[in-house]
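J.: The structure under discussion is supplied below as structure tokens; questions concerning it will follow.
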Amino acid sequence: MRLTRKRLCSILIALYCLFSIYAAYHVFFGRSRRTQDASLRGLRKGAAPARERRGREQSTLRSEEWNPWEEDEKNEQKHRLQILNKSTKEKEDFHVQIWGKAAIGLYLWEHIFEGLLEPTDVTAQRREGNLIVGRTHYSFITGPAVVPGYFSADENNVVLILNGREKAKVFYATQWLLYAQNLVQTQKLQHLAVVLLGNEHCNNEWINQFLKRNGGSVELLFIIYDSPWINNMDVFQWPLGVATYRNFPVVEANWSMLHNERPYLCNFVGTIYENSSRQALMNILKQDGNDKLCWVSAREQWQPQETNESLKNYQDALRQSDLTLCPAGVNTECYRIYEACSYGSVPVVEDVMTAGSCGNSSVYHNAPLQLLKSMNAPFIFIKNWKELPAILEKEKTIILQEKIQRRKRLLHWYQNFKAELKMRFINIVESSFLKNNKG
């Protein structure tokens, strides 16, 4: 019996020792193994997104929808979302309605504000859009059905977009201003600003009577072309933009636009006016045989409307040319400049003053194109088309990689240009209207 007890005790002691050893092993060695396992799992988890990122980069490199500023836009979208979230938490206390009664209104709303319109049919009688920026709600209305007295002015603050380029347009614009002025006088409207496609010679005296400083109701005037009225107090310069009246679209950058070799050194698609610098341009292109290396499609008579075919050909010319030749017309500023930017084709701009009352270069040192120059537009500015052959010769020596970088710079500049104009416009309108509210 004593022997059995001894054996039992020995067995228990042995089991106790084995258990202690097992416990000690897990304490000292199991923890490091678990750490290693966790590290490996962490590495595996980290490796999966890396593979996903690599796969996404590879797929986007093959994709026509690749965005060269994906990270910038993600950050911007995040910033916009923060603004939007903030605006929904705070009381929305400021509304601005934009009446688009000129085609340049579509450039402001769709290209600069990046707003949408419903219905999407451009021939619809009335189209509307809405955006919230900060605490301000912007609405946009346009279309043939929007006429003075036949629609309701829903907001106290209005931006009226008008065309005053020629006599018939001025008459129509005046009717709108009289209507808006009556709304202000009857206190149905509190604040009024105007965006004006001015006369190409800068002869816009007709609108003077409507400016608030002259007893009218227009507190702010955003005017296209280098008007000598621009003082950045109540008159501001606004860009001409793309020819929305000819259905030029909002263009999204893609991989091929940036990276593909373009078959043409330059392009010029436009009307050749008699005794103009455009005739000189065509002669210079032909003399050196560079017209064979450029996409040149000249016509003798201006055509106000595009067909689907002519618009496609023009877009192809921009997309397939490294440079876009931008001779001065009635005014130095032309739609072609902004349309070239949309496709990453560097504008070669004839930097000369045209006839009329626009900014005098002896007073305004950046005239013409003061707005673009003040924002450091990465264009090629020339004073005479005789400079073109040397530019094209240099172009022949530029390797594709350098052209790709140049396209990126141009497209990025244009994107920032529009974003900056949007914020300027918003700040000017809101600060003026809100200040006058307090006054």
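Ordering of the structure tokens sets the chain letters (A, B, ...); residue numbers start at 1 within each chain; ligands are numbered from 1 in the order shown.
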Need to verify the contact set: A:Ile223, 8 Å, only C-alpha atoms, exclusion of same-chain residues closer than 6 positions in sequence. Can you return it as a list of chain:residue names?

T.: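 Listing them by chain and then by number gives A:Val195, A:Leu196, A:Leu197, A:Gly198, A:Val235, A:Phe236, A:Gln237, A:Trp238.
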
J.: Do you know which residues are at most 10 Å from A:Arg165 counting only C-alpha atoms, after dropping those on the same chain fewer than 6 positions away, and could you put them as a list in words?

T.: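 The filter keeps Leu196, Leu197, Gly198, Asn199, Glu200, His201, Cys202, Asn203, Asn204 and Ile224 of chain A.
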
J.: Could you go through stretch 306-350 of chain A and tell me which residues DSSP, when run on the backbone, assigns to strand (DSSP E or B), listing them as an mmCIF file with N, CA and C atoms, in the first residue's frame?

T.:
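The result, written out as part26.cif:
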data_model
loop_
_atom_site.group_PDB
_atom_site.id
_atom_site.type_symbol
_atom_site.label_atom_id
_atom_site.label_comp_id
_atom_site.auth_asym_id
_atom_site.auth_seq_id
_atom_site.Cartn_x
_atom_site.Cartn_y
_atom_site.Cartn_z
ATOM 1 N N SER A 321 -2.672 67.352 -82.408
ATOM 2 C CA SER A 321 -1.644 68.364 -82.673
ATOM 3 C C SER A 321 -0.971 68.785 -81.379
ATOM 4 N N ASP A 322 0.334 68.990 -81.445
ATOM 5 C CA ASP A 322 1.076 69.444 -80.266
ATOM 6 C C ASP A 322 0.849 70.925 -80.000
ATOM 7 N N LEU A 323 0.656 71.706 -81.046
ATOM 8 C CA LEU A 323 0.444 73.140 -80.911
ATOM 9 C C LEU A 323 -0.852 73.538 -81.624
ATOM 10 N N THR A 324 -1.519 74.568 -81.114
ATOM 11 C CA THR A 324 -2.686 75.139 -81.779
ATOM 12 C C THR A 324 -2.401 76.600 -82.081
ATOM 13 N N LEU A 325 -2.463 76.972 -83.349
ATOM 14 C CA LEU A 325 -2.169 78.341 -83.761
ATOM 15 C C LEU A 325 -3.397 79.211 -83.519
ATOM 16 N N CYS A 326 -3.195 80.317 -82.789
ATOM 17 C CA CYS A 326 -4.304 81.182 -82.375
ATOM 18 C C CYS A 326 -4.070 82.607 -82.867
ATOM 19 N N VAL A 346 -0.779 73.064 -76.942
ATOM 20 C CA VAL A 346 -0.288 74.360 -76.467
ATOM 21 C C VAL A 346 -0.710 75.483 -77.421
ATOM 22 N N PRO A 347 -1.411 76.503 -76.928
ATOM 23 C CA PRO A 347 -1.781 77.636 -77.784
ATOM 24 C C PRO A 347 -0.552 78.479 -78.158
ATOM 25 N N VAL A 348 -0.438 78.748 -79.438
ATOM 26 C CA VAL A 348 0.567 79.708 -79.924
ATOM 27 C C VAL A 348 -0.231 80.975 -80.236
ATOM 28 N N VAL A 349 -0.112 81.975 -79.375
ATOM 29 C CA VAL A 349 -1.019 83.120 -79.392
ATOM 30 C C VAL A 349 -0.345 84.337 -80.012
ATOM 31 N N GLU A 350 -1.064 84.947 -80.960
ATOM 32 C CA GLU A 350 -0.598 86.209 -81.544
ATOM 33 C C GLU A 350 -0.878 87.323 -80.530
#

J.: For A:Leu183, list every protein, DNA or RNA residue within 12 Å, evaluated using only C-alpha atoms, and leave out those in the same chain fewer than 3 positions away; present the list as number ranges by chain.

T.: A: 148-149, 152-158, 176-180, 186-192, 217-218

J.: Would you put the residues from that selection into a file with N, CA, C and O atoms, as an mmCIF file, in the first residue's frame?

T.:
data_model
loop_
_atom_site.group_PDB
_atom_site.id
_atom_site.type_symbol
_atom_site.label_atom_id
_atom_site.label_comp_id
_atom_site.auth_asym_id
_atom_site.auth_seq_id
_atom_site.Cartn_x
_atom_site.Cartn_y
_atom_site.Cartn_z
ATOM 1 N N PRO A 148 -38.156 87.575 -69.807
ATOM 2 C CA PRO A 148 -38.582 88.553 -68.805
ATOM 3 C C PRO A 148 -40.088 88.535 -68.569
ATOM 4 O O PRO A 148 -40.875 88.587 -69.508
ATOM 5 N N GLY A 149 -40.484 88.414 -67.301
ATOM 6 C CA GLY A 149 -41.900 88.469 -66.943
ATOM 7 C C GLY A 149 -42.629 87.152 -67.047
ATOM 8 O O GLY A 149 -43.781 87.054 -66.611
ATOM 9 N N SER A 152 -40.684 83.038 -62.608
ATOM 10 C CA SER A 152 -40.623 83.650 -61.280
ATOM 11 C C SER A 152 -39.178 83.841 -60.840
ATOM 12 O O SER A 152 -38.338 82.968 -61.053
ATOM 13 N N ALA A 153 -38.909 85.003 -60.258
ATOM 14 C CA ALA A 153 -37.601 85.242 -59.660
ATOM 15 C C ALA A 153 -37.634 84.632 -58.264
ATOM 16 O O ALA A 153 -38.209 85.185 -57.341
ATOM 17 N N ASP A 154 -37.021 83.453 -58.126
ATOM 18 C CA ASP A 154 -37.170 82.684 -56.890
ATOM 19 C C ASP A 154 -36.273 83.172 -55.756
ATOM 20 O O ASP A 154 -36.513 82.837 -54.600
ATOM 21 N N GLU A 155 -35.213 83.906 -56.073
ATOM 22 C CA GLU A 155 -34.261 84.315 -55.054
ATOM 23 C C GLU A 155 -34.092 85.833 -55.026
ATOM 24 O O GLU A 155 -34.396 86.528 -56.000
ATOM 25 N N ASN A 156 -33.539 86.337 -53.927
ATOM 26 C CA ASN A 156 -33.279 87.764 -53.775
ATOM 27 C C ASN A 156 -31.976 88.205 -54.442
ATOM 28 O O ASN A 156 -31.750 89.390 -54.657
ATOM 29 N N ASN A 157 -31.105 87.229 -54.737
ATOM 30 C CA ASN A 157 -29.781 87.521 -55.286
ATOM 31 C C ASN A 157 -29.636 86.870 -56.652
ATOM 32 O O ASN A 157 -29.781 85.654 -56.777
ATOM 33 N N VAL A 158 -29.360 87.675 -57.659
ATOM 34 C CA VAL A 158 -29.333 87.165 -59.040
ATOM 35 C C VAL A 158 -28.057 87.583 -59.754
ATOM 36 O O VAL A 158 -27.580 88.715 -59.615
ATOM 37 N N TRP A 176 -33.611 92.722 -70.607
ATOM 38 C CA TRP A 176 -33.382 91.946 -69.389
ATOM 39 C C TRP A 176 -32.967 92.850 -68.226
ATOM 40 O O TRP A 176 -33.422 92.670 -67.095
ATOM 41 N N LEU A 177 -32.100 93.811 -68.508
ATOM 42 C CA LEU A 177 -31.639 94.709 -67.454
ATOM 43 C C LEU A 177 -32.771 95.600 -66.942
ATOM 44 O O LEU A 177 -32.870 95.871 -65.742
ATOM 45 N N LEU A 178 -33.626 96.044 -67.836
ATOM 46 C CA LEU A 178 -34.779 96.837 -67.417
ATOM 47 C C LEU A 178 -35.720 96.014 -66.546
ATOM 48 O O LEU A 178 -36.263 96.502 -65.544
ATOM 49 N N TYR A 179 -35.909 94.761 -66.931
ATOM 50 C CA TYR A 179 -36.757 93.859 -66.147
ATOM 51 C C TYR A 179 -36.169 93.628 -64.758
ATOM 52 O O TYR A 179 -36.875 93.737 -63.735
ATOM 53 N N ALA A 180 -34.851 93.343 -64.707
ATOM 54 C CA ALA A 180 -34.198 93.105 -63.422
ATOM 55 C C ALA A 180 -34.203 94.367 -62.557
ATOM 56 O O ALA A 180 -34.402 94.304 -61.337
ATOM 57 N N THR A 186 -38.930 97.342 -57.082
ATOM 58 C CA THR A 186 -40.150 96.895 -56.400
ATOM 59 C C THR A 186 -39.834 95.930 -55.255
ATOM 60 O O THR A 186 -40.744 95.290 -54.714
ATOM 61 N N GLN A 187 -38.556 95.820 -54.927
ATOM 62 C CA GLN A 187 -38.061 95.011 -53.808
ATOM 63 C C GLN A 187 -38.381 93.528 -53.938
ATOM 64 O O GLN A 187 -38.456 92.806 -52.949
ATOM 65 N N LYS A 188 -38.551 93.080 -55.182
ATOM 66 C CA LYS A 188 -38.687 91.644 -55.427
ATOM 67 C C LYS A 188 -37.321 90.999 -55.648
ATOM 68 O O LYS A 188 -37.198 89.776 -55.676
ATOM 69 N N LEU A 189 -36.340 91.848 -55.809
ATOM 70 C CA LEU A 189 -34.957 91.413 -55.993
ATOM 71 C C LEU A 189 -34.084 92.353 -55.178
ATOM 72 O O LEU A 189 -34.314 93.570 -55.164
ATOM 73 N N GLN A 190 -33.099 91.778 -54.491
ATOM 74 C CA GLN A 190 -32.282 92.600 -53.597
ATOM 75 C C GLN A 190 -30.932 92.963 -54.204
ATOM 76 O O GLN A 190 -30.480 94.102 -54.102
ATOM 77 N N HIS A 191 -30.260 91.980 -54.821
ATOM 78 C CA HIS A 191 -28.922 92.207 -55.364
ATOM 79 C C HIS A 191 -28.831 91.684 -56.794
ATOM 80 O O HIS A 191 -29.385 90.632 -57.114
ATOM 81 N N LEU A 192 -28.069 92.406 -57.623
ATOM 82 C CA LEU A 192 -27.928 92.031 -59.035
ATOM 83 C C LEU A 192 -26.479 92.177 -59.488
ATOM 84 O O LEU A 192 -25.845 93.214 -59.274
ATOM 85 N N SER A 217 -28.845 99.422 -60.974
ATOM 86 C CA SER A 217 -29.026 98.330 -60.013
ATOM 87 C C SER A 217 -27.928 97.278 -60.056
ATOM 88 O O SER A 217 -27.907 96.371 -59.210
ATOM 89 N N VAL A 218 -27.006 97.356 -61.037
ATOM 90 C CA VAL A 218 -25.961 96.336 -61.199
ATOM 91 C C VAL A 218 -24.808 96.638 -60.250
ATOM 92 O O VAL A 218 -24.055 97.598 -60.453
#

J.: Residues near A:Lys383, anyone? I mean within 12 Å using only C-alpha atoms, not counting same-chain ones fewer than 4 positions away, as a PyMOL selection string.

T.: chain A and resi 277+326-328+332+348-353+368+387-388

J.: Looking at A:Tyr343, A:Trp229, A:Phe151, A:Phe381, which one is nearest to A:Val242, with distances taken over only C-alpha atoms?

T.: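 Smallest separation from A:Val242 among the options: A:Tyr343.
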